[in-house]
Amino acid sequence: MMHNYPISAMIPLEAPRIQIDKKPLETILESLREPSAEDRAQALEQQGRTQAHTVYYSGDSIIGVLWKNGTVAFGSNNSIGNQAVQQAYNSGQLDGISGEKLVKRLSEIIDDAFDKSKSYVKTETYESGNAPTMALLSHQIDWMENYPMLSSHLDFYA
């Protein structure tokens, strides 16, 4: 059913007033800033010091790395390993854990996730001193740039 109302009976709405907080804008602009030569040198030095704890392979492709500093890099956000780590952080399982204990616990969480999914993932774990570094491995991780985000491809990337 349609109603006819005279224009004189209509009340104009106020235009919304948007407050722009400059702080987030400044943060965004800072993140877009090109790093200085000093920043790049520090990043490269850090990458050269950060060693792998465990490298995860699917076939011959590196699909992820657990670093000895407790960070994790998987080539896909949809990776079983990446999702397991995110769930562990979100559920508080890793609260208050740091250092070697954190790395050991992350390794267990990732291994359990791959085992439960029955994904065939080959792993290589390194002792201190003989591990490849972030500078060597990070560019070798298959970041799935050349693959569509289809479920048929995700199995391969575990």
# chains A, B, ... in the order shown; residues from 1 in each chain; ligands from 1
call {"tool": "residues_around", "arguments": {"residues": "region 35-50 of chain A", "least_positions_apart": "5", "cutoff": "12 Å", "atoms": "only C-alpha atoms", "output": "MDAnalysis selection string"}}
result
chainID A and resid 30 65:72 128:139
call {"tool": "closest_residue", "arguments": {"among": "A:Gln86, A:Val121, A:Tyr126, A:Gly92", "to": "Gly64 (chain A)", "atoms": "only C-alpha atoms"}}
result
A:Val121
call {"tool": "closest_residue", "arguments": {"among": "A:Ile110, A:Ile28, A:Val103, A:Ile141", "to": "His53 (chain A)", "atoms": "only C-alpha atoms"}}
result
A:Val103
call {"tool": "select_by_dssp", "arguments": {"residues": "region 14-111 of chain A", "states": "strand (DSSP E or B)", "output": "list in words"}}
result
Gln51, Ala52, His53, Thr54, Val55, Tyr56, Tyr57, Ser58, Ser61, Ile62, Ile63, Gly64, Val65, Leu66, Trp67, Val72, Ala73 and Phe74 of chain A
call {"tool": "write_last_selection", "arguments": {"atoms": "C-alpha atoms", "output": "PDB file, in the first residue's frame"}}
result
ATOM      1  CA  GLN A  51      66.906 -18.242  12.449  1.00  0.00           C
ATOM      2  CA  ALA A  52      64.305 -20.816  11.505  1.00  0.00           C
ATOM      3  CA  HIS A  53      63.112 -23.297  14.103  1.00  0.00           C
ATOM      4  CA  THR A  54      60.934 -25.366  11.754  1.00  0.00           C
ATOM      5  CA  VAL A  55      60.354 -25.152   8.008  1.00  0.00           C
ATOM      6  CA  TYR A  56      57.094 -26.612   6.641  1.00  0.00           C
ATOM      7  CA  TYR A  57      57.012 -28.061   3.127  1.00  0.00           C
ATOM      8  CA  SER A  58      54.256 -29.211   0.806  1.00  0.00           C
ATOM      9  CA  SER A  61      57.434 -25.710  -1.802  1.00  0.00           C
ATOM     10  CA  ILE A  62      58.067 -23.998   1.519  1.00  0.00           C
ATOM     11  CA  ILE A  63      54.606 -23.175   2.845  1.00  0.00           C
ATOM     12  CA  GLY A  64      55.638 -21.770   6.194  1.00  0.00           C
ATOM     13  CA  VAL A  65      58.335 -21.149   8.763  1.00  0.00           C
ATOM     14  CA  LEU A  66      58.314 -20.989  12.541  1.00  0.00           C
ATOM     15  CA  TRP A  67      61.146 -18.654  13.501  1.00  0.00           C
ATOM     16  CA  VAL A  72      55.346 -17.520  12.210  1.00  0.00           C
ATOM     17  CA  ALA A  73      55.069 -16.985   8.458  1.00  0.00           C
ATOM     18  CA  PHE A  74      52.758 -19.090   6.301  1.00  0.00           C
TER      19      PHE A  74
END
call {"tool": "atom_distance", "arguments": {"atom1": "CA of Gln87 (chain A)", "atom2": "CA of Ser31 (chain A)"}}
result
26.8 Å
call {"tool": "atom_distance", "arguments": {"atom1": "CA of Ile80 (chain A)", "atom2": "CA of Ser119 (chain A)"}}
result
8.8 Å
call {"tool": "decode", "arguments": {"residues": "region 47-153 of chain A", "atoms": "C-alpha atoms", "output": "PDB file, in the first residue's frame"}}
result
ATOM      1  CA  GLN A  47      66.616 -10.849   9.162  1.00  0.00           C
ATOM      2  CA  GLY A  48      70.186 -12.117   9.097  1.00  0.00           C
ATOM      3  CA  ARG A  49      70.045 -12.900  12.832  1.00  0.00           C
ATOM      4  CA  THR A  50      66.584 -14.496  12.928  1.00  0.00           C
ATOM      5  CA  GLN A  51      66.906 -18.242  12.449  1.00  0.00           C
ATOM      6  CA  ALA A  52      64.305 -20.816  11.505  1.00  0.00           C
ATOM      7  CA  HIS A  53      63.112 -23.297  14.103  1.00  0.00           C
ATOM      8  CA  THR A  54      60.934 -25.366  11.754  1.00  0.00           C
ATOM      9  CA  VAL A  55      60.354 -25.152   8.008  1.00  0.00           C
ATOM     10  CA  TYR A  56      57.094 -26.612   6.641  1.00  0.00           C
ATOM     11  CA  TYR A  57      57.012 -28.061   3.127  1.00  0.00           C
ATOM     12  CA  SER A  58      54.256 -29.211   0.806  1.00  0.00           C
ATOM     13  CA  GLY A  59      56.038 -31.081  -1.939  1.00  0.00           C
ATOM     14  CA  ASP A  60      59.091 -28.991  -2.754  1.00  0.00           C
ATOM     15  CA  SER A  61      57.434 -25.710  -1.802  1.00  0.00           C
ATOM     16  CA  ILE A  62      58.067 -23.998   1.519  1.00  0.00           C
ATOM     17  CA  ILE A  63      54.606 -23.175   2.845  1.00  0.00           C
ATOM     18  CA  GLY A  64      55.638 -21.770   6.194  1.00  0.00           C
ATOM     19  CA  VAL A  65      58.335 -21.149   8.763  1.00  0.00           C
ATOM     20  CA  LEU A  66      58.314 -20.989  12.541  1.00  0.00           C
ATOM     21  CA  TRP A  67      61.146 -18.654  13.501  1.00  0.00           C
ATOM     22  CA  LYS A  68      63.206 -19.012  16.690  1.00  0.00           C
ATOM     23  CA  ASN A  69      61.999 -15.575  17.810  1.00  0.00           C
ATOM     24  CA  GLY A  70      58.420 -16.913  18.033  1.00  0.00           C
ATOM     25  CA  THR A  71      57.054 -15.411  14.834  1.00  0.00           C
ATOM     26  CA  VAL A  72      55.346 -17.520  12.210  1.00  0.00           C
ATOM     27  CA  ALA A  73      55.069 -16.985   8.458  1.00  0.00           C
ATOM     28  CA  PHE A  74      52.758 -19.090   6.301  1.00  0.00           C
ATOM     29  CA  GLY A  75      52.150 -18.400   2.623  1.00  0.00           C
ATOM     30  CA  SER A  76      48.396 -18.231   3.073  1.00  0.00           C
ATOM     31  CA  ASN A  77      46.109 -16.875   5.773  1.00  0.00           C
ATOM     32  CA  ASN A  78      43.990 -19.947   5.019  1.00  0.00           C
ATOM     33  CA  SER A  79      46.824 -22.272   5.924  1.00  0.00           C
ATOM     34  CA  ILE A  80      45.995 -24.834   8.572  1.00  0.00           C
ATOM     35  CA  GLY A  81      49.168 -23.836  10.418  1.00  0.00           C
ATOM     36  CA  ASN A  82      48.386 -20.129  10.304  1.00  0.00           C
ATOM     37  CA  GLN A  83      44.798 -20.677  11.447  1.00  0.00           C
ATOM     38  CA  ALA A  84      45.959 -22.871  14.353  1.00  0.00           C
ATOM     39  CA  VAL A  85      48.356 -20.177  15.529  1.00  0.00           C
ATOM     40  CA  GLN A  86      45.692 -17.462  15.278  1.00  0.00           C
ATOM     41  CA  GLN A  87      43.211 -19.599  17.230  1.00  0.00           C
ATOM     42  CA  ALA A  88      45.827 -20.235  19.927  1.00  0.00           C
ATOM     43  CA  TYR A  89      46.506 -16.512  20.315  1.00  0.00           C
ATOM     44  CA  ASN A  90      42.798 -15.612  20.246  1.00  0.00           C
ATOM     45  CA  SER A  91      41.913 -18.234  22.867  1.00  0.00           C
ATOM     46  CA  GLY A  92      44.688 -17.129  25.232  1.00  0.00           C
ATOM     47  CA  GLN A  93      46.626 -20.406  25.038  1.00  0.00           C
ATOM     48  CA  LEU A  94      49.844 -18.458  24.505  1.00  0.00           C
ATOM     49  CA  ASP A  95      49.309 -15.722  27.103  1.00  0.00           C
ATOM     50  CA  GLY A  96      52.346 -15.209  29.304  1.00  0.00           C
ATOM     51  CA  ILE A  97      54.573 -17.550  27.283  1.00  0.00           C
ATOM     52  CA  SER A  98      57.735 -16.242  25.660  1.00  0.00           C
ATOM     53  CA  GLY A  99      61.159 -17.277  24.428  1.00  0.00           C
ATOM     54  CA  GLU A 100      61.917 -20.942  23.847  1.00  0.00           C
ATOM     55  CA  LYS A 101      58.728 -22.052  25.627  1.00  0.00           C
ATOM     56  CA  LEU A 102      56.653 -20.026  23.141  1.00  0.00           C
ATOM     57  CA  VAL A 103      58.486 -21.503  20.152  1.00  0.00           C
ATOM     58  CA  LYS A 104      58.093 -25.043  21.509  1.00  0.00           C
ATOM     59  CA  ARG A 105      54.373 -24.517  22.168  1.00  0.00           C
ATOM     60  CA  LEU A 106      53.805 -22.976  18.719  1.00  0.00           C
ATOM     61  CA  SER A 107      55.570 -25.950  17.156  1.00  0.00           C
ATOM     62  CA  GLU A 108      53.274 -28.359  19.027  1.00  0.00           C
ATOM     63  CA  ILE A 109      50.153 -26.395  18.036  1.00  0.00           C
ATOM     64  CA  ILE A 110      51.119 -26.322  14.358  1.00  0.00           C
ATOM     65  CA  ASP A 111      52.118 -29.999  14.299  1.00  0.00           C
ATOM     66  CA  ASP A 112      48.850 -31.015  16.008  1.00  0.00           C
ATOM     67  CA  ALA A 113      46.818 -28.991  13.505  1.00  0.00           C
ATOM     68  CA  PHE A 114      48.497 -30.636  10.527  1.00  0.00           C
ATOM     69  CA  ASP A 115      48.151 -34.089  12.118  1.00  0.00           C
ATOM     70  CA  LYS A 116      44.426 -33.584  12.814  1.00  0.00           C
ATOM     71  CA  SER A 117      43.786 -32.403   9.269  1.00  0.00           C
ATOM     72  CA  LYS A 118      45.697 -35.375   7.885  1.00  0.00           C
ATOM     73  CA  SER A 119      47.645 -32.976   5.670  1.00  0.00           C
ATOM     74  CA  TYR A 120      50.914 -34.331   4.439  1.00  0.00           C
ATOM     75  CA  VAL A 121      53.392 -31.699   5.425  1.00  0.00           C
ATOM     76  CA  LYS A 122      57.082 -32.398   5.620  1.00  0.00           C
ATOM     77  CA  THR A 123      58.935 -30.538   8.364  1.00  0.00           C
ATOM     78  CA  GLU A 124      62.558 -29.764   8.980  1.00  0.00           C
ATOM     79  CA  THR A 125      63.533 -28.633  12.479  1.00  0.00           C
ATOM     80  CA  TYR A 126      66.872 -26.996  13.217  1.00  0.00           C
ATOM     81  CA  GLU A 127      69.125 -26.794  16.224  1.00  0.00           C
ATOM     82  CA  SER A 128      70.676 -23.451  17.124  1.00  0.00           C
ATOM     83  CA  GLY A 129      73.611 -22.406  15.009  1.00  0.00           C
ATOM     84  CA  ASN A 130      72.876 -24.450  11.891  1.00  0.00           C
ATOM     85  CA  ALA A 131      69.475 -23.001  10.967  1.00  0.00           C
ATOM     86  CA  PRO A 132      68.797 -20.958   7.846  1.00  0.00           C
ATOM     87  CA  THR A 133      67.953 -17.325   8.471  1.00  0.00           C
ATOM     88  CA  MET A 134      64.958 -15.192   7.670  1.00  0.00           C
ATOM     89  CA  ALA A 135      67.081 -13.362   5.105  1.00  0.00           C
ATOM     90  CA  LEU A 136      67.604 -16.656   3.263  1.00  0.00           C
ATOM     91  CA  LEU A 137      64.162 -18.249   3.599  1.00  0.00           C
ATOM     92  CA  SER A 138      61.514 -15.515   3.686  1.00  0.00           C
ATOM     93  CA  HIS A 139      61.637 -14.941  -0.069  1.00  0.00           C
ATOM     94  CA  GLN A 140      61.359 -18.712  -0.662  1.00  0.00           C
ATOM     95  CA  ILE A 141      57.996 -19.080   1.071  1.00  0.00           C
ATOM     96  CA  ASP A 142      55.286 -19.766  -1.487  1.00  0.00           C
ATOM     97  CA  TRP A 143      53.077 -16.737  -0.838  1.00  0.00           C
ATOM     98  CA  MET A 144      50.426 -18.100  -3.235  1.00  0.00           C
ATOM     99  CA  GLU A 145      50.706 -14.982  -5.398  1.00  0.00           C
ATOM    100  CA  ASN A 146      50.276 -16.954  -8.613  1.00  0.00           C
ATOM    101  CA  TYR A 147      47.417 -19.158  -7.473  1.00  0.00           C
ATOM    102  CA  PRO A 148      43.690 -18.441  -7.251  1.00  0.00           C
ATOM    103  CA  MET A 149      42.148 -18.670  -3.800  1.00  0.00           C
ATOM    104  CA  LEU A 150      40.187 -21.801  -4.587  1.00  0.00           C
ATOM    105  CA  SER A 151      39.653 -24.645  -2.174  1.00  0.00           C
ATOM    106  CA  SER A 152      41.136 -27.083  -4.689  1.00  0.00           C
ATOM    107  CA  HIS A 153      44.455 -25.255  -4.355  1.00  0.00           C
TER     108      HIS A 153
END
